[in-house]
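Chemist: Input file: work18.txt. Contents: compact mmCIF, C-alpha atoms (C1' of nucleotides).
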# COMPACT_ATOMS: atom_id res chain seq x y z
CA MET A 1 -9.20 -44.87 228.75
CA SER A 2 -11.88 -47.38 229.64
CA SER A 3 -11.00 -50.55 231.45
CA ASP A 4 -14.34 -52.19 230.80
CA PRO A 5 -13.57 -55.67 229.44
CA ASP A 6 -16.16 -55.51 226.67
CA THR A 7 -14.92 -52.17 225.46
CA LEU A 8 -11.37 -53.44 225.49
CA ASP A 9 -12.33 -56.55 223.55
CA ARG A 10 -14.15 -54.51 220.98
CA MET A 11 -11.28 -52.11 220.52
CA LEU A 12 -8.86 -54.99 220.13
CA ALA A 13 -11.03 -56.76 217.54
CA GLU A 14 -11.47 -53.52 215.65
CA ARG A 15 -7.79 -52.73 215.47
CA LEU A 16 -6.88 -56.28 214.54
CA ARG A 17 -9.37 -56.35 211.67
CA ALA A 18 -8.21 -52.94 210.50
CA ARG A 19 -4.84 -54.52 209.91
CA GLY A 20 -6.14 -57.79 208.55
CA ARG A 21 -4.99 -59.70 211.63
CA ARG A 22 -7.09 -62.38 213.23
CA VAL A 23 -9.02 -62.22 216.47
CA THR A 24 -7.93 -65.21 218.51
CA SER A 25 -8.77 -66.28 222.04
CA GLN A 26 -5.13 -65.89 223.06
CA ARG A 27 -5.11 -62.27 222.02
CA VAL A 28 -8.38 -61.49 223.77
CA VAL A 29 -7.41 -63.21 226.99
CA LEU A 30 -3.92 -61.72 227.05
CA GLN A 31 -5.24 -58.21 226.70
CA ARG A 32 -7.71 -58.79 229.51
CA ALA A 33 -5.04 -60.35 231.72
CA LEU A 34 -2.71 -57.40 231.26
CA HIS A 35 -5.45 -54.91 232.07
CA GLU A 36 -6.55 -56.88 235.10
CA LEU A 37 -3.00 -56.76 236.41
CA GLY A 38 -3.39 -53.03 236.02
CA ARG A 39 0.34 -52.37 235.91
CA HIS A 40 3.37 -52.97 233.78
CA ALA A 41 4.26 -56.64 233.75
CA SER A 42 6.82 -58.89 232.12
CA ALA A 43 5.90 -61.43 229.48
CA GLU A 44 6.20 -64.17 232.08
CA GLU A 45 3.88 -62.36 234.51
CA VAL A 46 1.30 -61.89 231.80
CA ARG A 47 1.50 -65.56 230.95
CA ARG A 48 0.90 -66.52 234.58
CA ALA A 49 -2.04 -64.12 234.81
CA ALA A 50 -3.65 -65.83 231.81
CA GLU A 51 -2.65 -69.35 232.80
CA ASP A 52 -6.00 -70.51 234.16
CA ARG A 53 -7.93 -69.30 231.13
CA LEU A 54 -5.40 -70.52 228.58
CA PRO A 55 -3.61 -73.60 229.86
CA GLY A 56 -0.62 -74.41 227.72
CA LEU A 57 -0.20 -70.88 226.47
CA SER A 58 3.37 -70.62 225.31
CA LEU A 59 5.78 -67.85 226.12
CA PRO A 60 6.73 -67.23 222.48
CA THR A 61 3.07 -66.55 221.80
CA VAL A 62 2.97 -64.09 224.68
CA TYR A 63 5.98 -62.25 223.30
CA ALA A 64 4.52 -62.15 219.80
CA THR A 65 1.17 -60.97 221.11
CA LEU A 66 2.60 -58.22 223.28
CA GLU A 67 4.70 -57.03 220.37
CA LEU A 68 1.55 -56.94 218.26
CA PHE A 69 -0.30 -55.02 220.97
CA GLU A 70 2.46 -52.45 220.93
CA GLU A 71 2.07 -52.04 217.17
CA LEU A 72 -1.65 -51.57 217.70
CA GLY A 73 -0.99 -48.90 220.30
CA LEU A 74 -2.64 -50.91 223.07
CA VAL A 75 0.38 -51.23 225.34
CA ARG A 76 3.67 -49.48 225.89
CA ARG A 77 7.00 -51.21 226.13
CA VAL A 78 9.08 -50.14 229.12
CA ALA A 79 12.78 -50.86 229.03
CA ALA A 80 13.78 -50.94 232.67
CA GLY A 81 17.44 -51.51 231.95
CA ALA A 82 17.75 -54.65 234.00
CA GLY A 83 15.59 -57.71 234.20
CA PRO A 84 12.86 -58.38 231.69
CA VAL A 85 11.20 -55.79 229.44
CA LEU A 86 7.88 -54.65 230.88
CA TYR A 87 4.61 -54.05 229.05
CA ASP A 88 2.36 -51.32 230.36
CA PRO A 89 -1.41 -51.22 229.77
CA ARG A 90 -1.36 -47.47 230.48
CA THR A 91 -0.69 -45.80 227.15
CA ASP A 92 -0.70 -42.21 228.37
CA GLY A 93 2.72 -40.65 228.62
CA HIS A 94 3.76 -41.18 232.21
CA ALA A 95 7.25 -41.66 233.62
CA HIS A 96 8.64 -44.66 235.50
CA PHE A 97 10.91 -45.01 238.47
CA ARG A 98 13.35 -47.88 238.87
CA CYS A 99 15.11 -48.65 242.14
CA ARG A 100 18.74 -49.56 241.61
CA ALA A 101 18.76 -51.62 244.79
CA CYS A 102 15.66 -53.79 244.56
CA GLY A 103 14.89 -53.34 240.86
CA ALA A 104 11.23 -52.47 241.43
CA VAL A 105 9.60 -50.34 238.74
CA THR A 106 6.75 -48.02 239.71
CA ASP A 107 4.66 -45.43 237.92
CA LEU A 108 5.26 -41.74 238.45
CA ASP A 109 2.42 -39.28 238.18
CA ALA A 110 4.34 -36.97 235.96
CA ARG A 111 3.55 -36.15 232.38
CA PRO A 112 7.02 -35.41 231.12
CA ASP A 113 7.39 -32.64 228.57
CA ALA A 114 8.57 -34.55 225.55
CA THR A 115 8.39 -31.76 223.00
CA ALA A 116 12.07 -30.87 223.28
CA ALA A 117 13.14 -34.47 222.79
CA ARG A 118 10.72 -34.94 219.89
CA ARG A 119 11.90 -31.80 218.20
CA ALA A 120 15.54 -32.86 218.58
CA ALA A 121 14.68 -36.21 217.00
CA ARG A 122 12.99 -34.56 214.04
CA ARG A 123 15.87 -32.16 213.67
CA ALA A 124 18.14 -35.19 213.32
CA GLY A 125 15.92 -36.55 210.55
CA HIS A 126 14.18 -39.20 212.63
CA ASP A 127 10.49 -39.89 213.01
CA PRO A 128 9.69 -39.91 216.74
CA GLU A 129 6.79 -42.05 217.91
CA ALA A 130 7.04 -42.78 221.62
CA VAL A 131 8.96 -41.16 224.45
CA GLU A 132 9.92 -43.09 227.55
CA VAL A 133 11.18 -41.37 230.70
CA LEU A 134 12.90 -43.53 233.29
CA VAL A 135 14.07 -42.16 236.62
CA GLY A 136 16.66 -44.20 238.49
CA GLY A 137 17.50 -44.05 242.16
CA LEU A 138 16.61 -45.55 245.50
CA CYS A 139 12.99 -46.30 246.18
CA ALA A 140 11.20 -45.44 249.40
CA ALA A 141 11.72 -48.92 250.83
CA CYS A 142 15.44 -49.13 249.99
CA ARG A 143 16.45 -45.66 251.24
CA VAL A 144 17.19 -47.18 254.66
CA MET B 145 33.92 -32.55 230.79
CA SER B 146 37.48 -33.00 229.59
CA SER B 147 38.37 -35.91 227.37
CA ASP B 148 42.10 -35.52 227.95
CA PRO B 149 43.37 -39.02 228.84
CA ASP B 150 45.53 -37.83 231.73
CA THR B 151 42.72 -35.85 233.27
CA LEU B 152 40.41 -38.83 232.94
CA ASP B 153 42.95 -41.14 234.53
CA ARG B 154 43.44 -38.76 237.41
CA MET B 155 39.74 -38.37 238.01
CA LEU B 156 39.25 -42.12 237.95
CA ALA B 157 42.10 -42.73 240.42
CA GLU B 158 40.77 -40.03 242.68
CA ARG B 159 37.24 -41.38 242.79
CA LEU B 160 38.42 -44.94 243.25
CA ARG B 161 40.62 -44.01 246.22
CA ALA B 162 37.84 -41.93 247.71
CA ARG B 163 35.86 -45.14 247.94
CA GLY B 164 38.74 -47.32 248.99
CA ARG B 165 38.73 -49.18 245.66
CA ARG B 166 41.90 -50.08 243.85
CA VAL B 167 43.39 -48.52 240.75
CA THR B 168 44.03 -51.34 238.33
CA SER B 169 45.23 -51.37 234.75
CA GLN B 170 41.92 -52.87 233.61
CA ARG B 171 39.98 -49.97 235.05
CA VAL B 172 42.28 -47.37 233.57
CA VAL B 173 42.32 -48.95 230.13
CA LEU B 174 38.57 -49.56 230.08
CA GLN B 175 37.81 -45.96 230.90
CA ARG B 176 40.12 -44.78 228.14
CA ALA B 177 38.67 -47.25 225.66
CA LEU B 178 35.13 -46.09 226.36
CA HIS B 179 36.07 -42.44 225.95
CA GLU B 180 38.00 -43.14 222.79
CA LEU B 181 34.93 -44.77 221.33
CA GLY B 182 33.24 -41.48 222.16
CA ARG B 183 29.75 -42.93 222.15
CA HIS B 184 27.55 -45.31 224.07
CA ALA B 185 28.78 -48.86 223.65
CA SER B 186 27.87 -52.31 224.88
CA ALA B 187 30.07 -54.26 227.26
CA GLU B 188 31.21 -56.40 224.36
CA GLU B 189 32.15 -53.36 222.25
CA VAL B 190 34.15 -51.91 225.11
CA ARG B 191 35.96 -55.20 225.52
CA ARG B 192 36.87 -55.23 221.85
CA ALA B 193 38.07 -51.63 222.03
CA ALA B 194 40.42 -52.56 224.88
CA GLU B 195 41.45 -55.92 223.46
CA ASP B 196 44.85 -54.92 222.11
CA ARG B 197 45.90 -53.25 225.36
CA LEU B 198 44.49 -55.93 227.64
CA PRO B 199 44.60 -59.31 225.90
CA GLY B 200 42.55 -61.85 227.77
CA LEU B 201 40.33 -59.28 229.42
CA SER B 202 37.22 -61.13 230.45
CA LEU B 203 33.66 -60.00 229.87
CA PRO B 204 32.63 -60.43 233.51
CA THR B 205 35.39 -57.98 234.42
CA VAL B 206 34.08 -55.52 231.85
CA TYR B 207 30.59 -55.76 233.30
CA ALA B 208 31.86 -55.32 236.85
CA THR B 209 34.02 -52.38 235.84
CA LEU B 210 31.28 -50.58 233.94
CA GLU B 211 28.94 -51.05 236.87
CA LEU B 212 31.60 -49.56 239.12
CA PHE B 213 32.05 -46.63 236.73
CA GLU B 214 28.36 -45.96 236.95
CA GLU B 215 28.55 -45.87 240.74
CA LEU B 216 31.44 -43.42 240.45
CA GLY B 217 29.40 -41.22 238.14
CA LEU B 218 31.79 -41.69 235.23
CA VAL B 219 29.36 -43.29 232.80
CA ARG B 220 25.63 -43.51 232.29
CA ARG B 221 23.76 -46.69 231.70
CA VAL B 222 21.36 -46.55 228.76
CA ALA B 223 18.63 -49.15 228.62
CA ALA B 224 17.74 -49.32 224.96
CA GLY B 225 14.95 -51.82 225.45
CA ALA B 226 16.32 -54.38 223.05
CA GLY B 227 19.76 -55.75 222.57
CA PRO B 228 22.51 -55.14 225.08
CA VAL B 229 22.57 -52.37 227.67
CA LEU B 230 24.73 -49.46 226.55
CA TYR B 231 27.22 -47.46 228.59
CA ASP B 232 27.63 -43.81 227.71
CA PRO B 233 30.75 -41.78 228.48
CA ARG B 234 28.71 -38.58 228.22
CA THR B 235 27.35 -37.94 231.68
CA ASP B 236 25.42 -34.78 230.89
CA GLY B 237 21.68 -35.23 230.71
CA HIS B 238 20.99 -35.80 227.04
CA ALA B 239 18.27 -37.89 225.44
CA HIS B 240 18.65 -40.92 223.17
CA PHE B 241 16.83 -42.06 220.09
CA ARG B 242 16.29 -45.70 219.24
CA CYS B 243 15.12 -46.88 215.82
CA ARG B 244 12.54 -49.64 216.07
CA ALA B 245 13.54 -50.96 212.66
CA CYS B 246 17.34 -51.15 212.76
CA GLY B 247 17.84 -50.82 216.52
CA ALA B 248 20.45 -48.09 216.22
CA VAL B 249 20.77 -45.77 219.21
CA THR B 250 21.90 -42.20 218.67
CA ASP B 251 22.35 -39.13 220.84
CA LEU B 252 19.85 -36.30 220.73
CA ASP B 253 20.94 -32.75 221.40
CA ALA B 254 18.14 -32.13 223.80
CA ARG B 255 18.51 -31.45 227.47
CA PRO B 256 15.23 -32.84 228.71
CA ASP B 257 13.53 -31.04 231.56
CA ALA B 258 13.68 -33.63 234.28
CA THR B 259 12.42 -31.54 237.16
CA ALA B 260 8.82 -32.72 236.87
CA ALA B 261 9.87 -36.36 236.88
CA ARG B 262 12.29 -35.83 239.77
CA ARG B 263 9.66 -34.04 241.80
CA ALA B 264 7.15 -36.83 241.18
CA ALA B 265 9.73 -39.36 242.33
CA ARG B 266 10.41 -37.45 245.53
CA ARG B 267 6.70 -37.03 246.11
CA ALA B 268 6.42 -40.82 245.99
CA GLY B 269 9.12 -41.11 248.64
CA HIS B 270 11.92 -42.15 246.30
CA ASP B 271 15.39 -40.70 245.96
CA PRO B 272 15.91 -39.84 242.28
CA GLU B 273 19.45 -39.92 240.95
CA ALA B 274 19.48 -40.21 237.17
CA VAL B 275 16.89 -39.52 234.51
CA GLU B 276 17.00 -41.26 231.17
CA VAL B 277 14.91 -40.12 228.21
CA LEU B 278 14.51 -42.52 225.32
CA VAL B 279 12.69 -41.59 222.14
CA GLY B 280 11.53 -44.44 219.94
CA GLY B 281 10.62 -44.30 216.28
CA LEU B 282 12.08 -44.66 212.82
CA CYS B 283 15.53 -43.26 212.19
CA ALA B 284 16.47 -41.15 209.18
CA ALA B 285 17.85 -44.16 207.31
CA CYS B 286 14.84 -46.43 207.94
CA ARG B 287 12.10 -43.91 207.09
CA VAL B 288 12.26 -45.10 203.47
C1' DG C 289 -9.88 -74.00 201.72
C1' DT C 290 -6.35 -70.66 202.65
C1' DC C 291 -3.20 -68.50 205.23
C1' DG C 292 -2.06 -66.72 209.55
C1' DC C 293 -1.48 -68.12 214.43
C1' DT C 294 -0.02 -71.16 218.04
C1' DG C 295 2.74 -74.53 220.54
C1' DC C 296 6.86 -76.87 220.96
C1' DA C 297 11.61 -77.28 220.96
C1' DA C 298 15.74 -75.39 220.43
C1' DA C 299 19.06 -71.98 219.80
C1' DG C 300 20.96 -67.54 220.60
C1' DT C 301 22.27 -63.55 223.19
C1' DA C 302 23.07 -61.04 227.43
C1' DT C 303 24.38 -61.09 232.01
C1' DT C 304 25.50 -62.98 236.62
C1' DT C 305 27.71 -66.07 239.93
C1' DG C 306 31.29 -68.99 242.30
C1' DC C 307 35.74 -69.86 243.07
C1' DA C 308 40.85 -69.99 242.70
C1' DT C 309 44.69 -67.02 241.58
C1' DA C 310 47.06 -62.71 241.01
C1' DG C 311 48.35 -58.25 242.32
C1' DC C 312 47.38 -53.51 244.52
C1' DC C 313 48.00 -51.02 248.79
C1' DG D 314 50.30 -59.73 254.07
C1' DG D 315 45.59 -58.79 253.70
C1' DC D 316 41.99 -58.20 250.94
C1' DT D 317 40.15 -56.83 246.55
C1' DA D 318 39.99 -57.61 241.63
C1' DT D 319 40.49 -60.59 237.89
C1' DG D 320 39.90 -64.64 234.87
C1' DC D 321 37.63 -68.69 233.92
C1' DA D 322 33.80 -71.59 233.57
C1' DA D 323 29.35 -72.43 234.18
C1' DA D 324 24.82 -71.20 235.05
C1' DT D 325 20.95 -68.38 234.53
C1' DA D 326 17.71 -65.22 232.45
C1' DC D 327 15.52 -63.47 228.65
C1' DT D 328 14.05 -63.55 223.96
C1' DT D 329 13.83 -65.15 219.23
C1' DT D 330 13.50 -68.61 215.52
C1' DG D 331 11.95 -72.69 212.73
C1' DC D 332 8.66 -75.78 211.84
C1' DA D 333 4.28 -78.63 211.96
C1' DG D 334 -0.57 -78.63 212.99
C1' DC D 335 -4.74 -75.94 214.15
C1' DG D 336 -8.20 -72.65 213.54
C1' DA D 337 -10.17 -67.89 212.12
C1' DC D 338 -12.35 -66.04 208.19
Mind turning the file's structure into structure tokens?

Modeler:
Amino acid sequence: MSSDPDTLDRMLAERLRARGRRVTSQRVVLQRALHELGRHASAEEVRRAAEDRLPGLSLPTVYATLELFEELGLVRRVAAGAGPVLYDPRTDGHAHFRCRACGAVTDLDARPDATAARRAARRAGHDPEAVEVLVGGLCAACRV
Amino acid sequence: MSSDPDTLDRMLAERLRARGRRVTSQRVVLQRALHELGRHASAEEVRRAAEDRLPGLSLPTVYATLELFEELGLVRRVAAGAGPVLYDPRTDGHAHFRCRACGAVTDLDARPDATAARRAARRAGHDPEAVEVLVGGLCAACRV
DNA sequence: GTCGCTGCAAAGTATTTGCATAGCC
DNA sequence: GGCTATGCAAATACTTTGCAGCGAC
């Protein structure tokens, strides 16, 4: 997974065109902003990160764009269970940890084995695409 | 895990007293309502299920009660990523499937292997308590 | 030039908070 | 009787929708 801006831009343009979608400055800047943050962020955080380059960027556009990125396989949606939905520029299958005290969400360096869950989904007639693993508990800072 | 109402009531009363919390009719009825539904439900659904037995039951009370149940280990919180948070009376570690088209959330008969994720959490200094596995994709009905 | 994308405003849904009253222990 | 839980109302947070003008192709 390259984080070189040019490579990212090119991949974005390519995937957009493959679907007949347009390459707009908002989409380019938002992808860069999310990757520069380098971590899962809420729509509002992404908007702030892109604020200087795109003054007046509206939140509905950010939501629409992030949803599009997810369709394109460029980001992963992380449902933390409280607070805003997070969008993660890392698309490899890693788990997340959420502190029930402070609400902070961090990455875990674990590649969860999703085969069992995928198989169960297929057995039930579904078509599994993504698997999200969320560990809840007390984070290092909140453990007292 | 017994679903006998009396057993459930007794377990609830026991755990409440162990924490010095009170046994109220709302708490008893809400636990029964959730178990009678027999599936993950939103706060609003639980309120409707208890409506006839507790007219005038307020939604804030339902939220507070379900949060308390989670602390007591009687329900699991399921963050579906869109729509309301769901509360699941099944406390064994099973995975969930969420359809990205219709939004329906169903149980999967898979006991995900959470050891890797738990270990990674501990390695990061956190104290892992619960692990939630959510599979996303198209459900049987939406696959066309 | 066409048609999709954006910005704006507004609505809609989900959840939390503050405070007075009621009721368990 | 003390102190917690509840109900009510309001506020807040998050996200989606509808529409008019702009801009990529």

Chemist: Please find the residues of chain C near chain B - the criterion being any atom within 10 Å, counting all atoms listed in the file - and write them as a list of chain:residue names.

Modeler: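 That gives C:DT301, C:DA302, C:DT303, C:DT304, C:DT305, C:DG311, C:DC312, C:DC313 for chain C.
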
Chemist: Hey, list the chain B side of the contact with chain A: 9 Å cut-off, only C-alpha atoms, answer as JSON, numbers by chain.

Modeler: {"B": [221, 222, 223, 224, 225, 226, 229, 239, 240, 241, 243, 252, 253, 254, 255, 256, 257, 258, 259, 260, 261, 262, 263, 264, 265, 266, 268, 269, 270, 271, 272, 273, 274, 275, 276, 277, 278, 279, 280, 281, 282, 283, 284, 285, 286, 287]}

Chemist: Find the distance between atom CA of B:Thr205 and atom CA of B:Gly237 and write it in Å to one decimal.

Modeler: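 So the two atoms, atom CA of B:Thr205 and atom CA of B:Gly237, lie 26.8 Å apart.
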
Chemist: Compute the distance from (-6.5, -67.1, 230.5) to each atom, counting all atoms listed in the file, keep the residues with any atom at most 8 Å away, and return them as a PDB file with C-alpha atoms, in the coordinates of the input; use the coordinates of the file.

Modeler:
ATOM      1  CA  GLN A  26      -5.130 -65.890 223.060  1.00  0.00           C
ATOM      2  CA  VAL A  29      -7.410 -63.210 226.990  1.00  0.00           C
ATOM      3  CA  LEU A  30      -3.920 -61.720 227.050  1.00  0.00           C
ATOM      4  CA  ALA A  33      -5.040 -60.350 231.720  1.00  0.00           C
ATOM      5  CA  ALA A  49      -2.040 -64.120 234.810  1.00  0.00           C
ATOM      6  CA  ALA A  50      -3.650 -65.830 231.810  1.00  0.00           C
ATOM      7  CA  GLU A  51      -2.650 -69.350 232.800  1.00  0.00           C
ATOM      8  CA  ASP A  52      -6.000 -70.510 234.160  1.00  0.00           C
ATOM      9  CA  ARG A  53      -7.930 -69.300 231.130  1.00  0.00           C
ATOM     10  CA  LEU A  54      -5.400 -70.520 228.580  1.00  0.00           C
ATOM     11  CA  PRO A  55      -3.610 -73.600 229.860  1.00  0.00           C
TER      12      PRO A  55
END

Chemist: Please indicate the distance in Å from atom CA of B:Ala185 to atom CA of B:Tyr231, rounded to one decimal place.

Modeler: 5.4 Å

Chemist: For a quick test of understanding: name the residues of chain D lying within 9 Å of chain A when counting all atoms listed in the file, and present them as a list in words.

Modeler: DA326, DC327, DT328, DT329, DG336, DA337 and DC338 of chain D

Chemist: Find the residues near D:DC335: any atom within 10 Å, counting all atoms listed in the file, skip ones fewer than 4 places away on the same chain, and give them as a list in words.

Modeler: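 Those residues are DC293, DT294 and DG295 of chain C.
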
Chemist: If we count only C-alpha atoms (C1' of nucleotides) and set the cut-off at 12 Å, which residues sit around C:DA297, ignoring sequence neighbours fewer than 2 positions away in its own chain? Please answer as number ranges by chain.

Modeler: A: 58, 60; C: 295, 299; D: 330-333

Chemist: Could you state the separation of atom CA of B:Asp232 and atom CA of B:Arg220 in Å, given to one decimal place?

Modeler: 5.0 Å
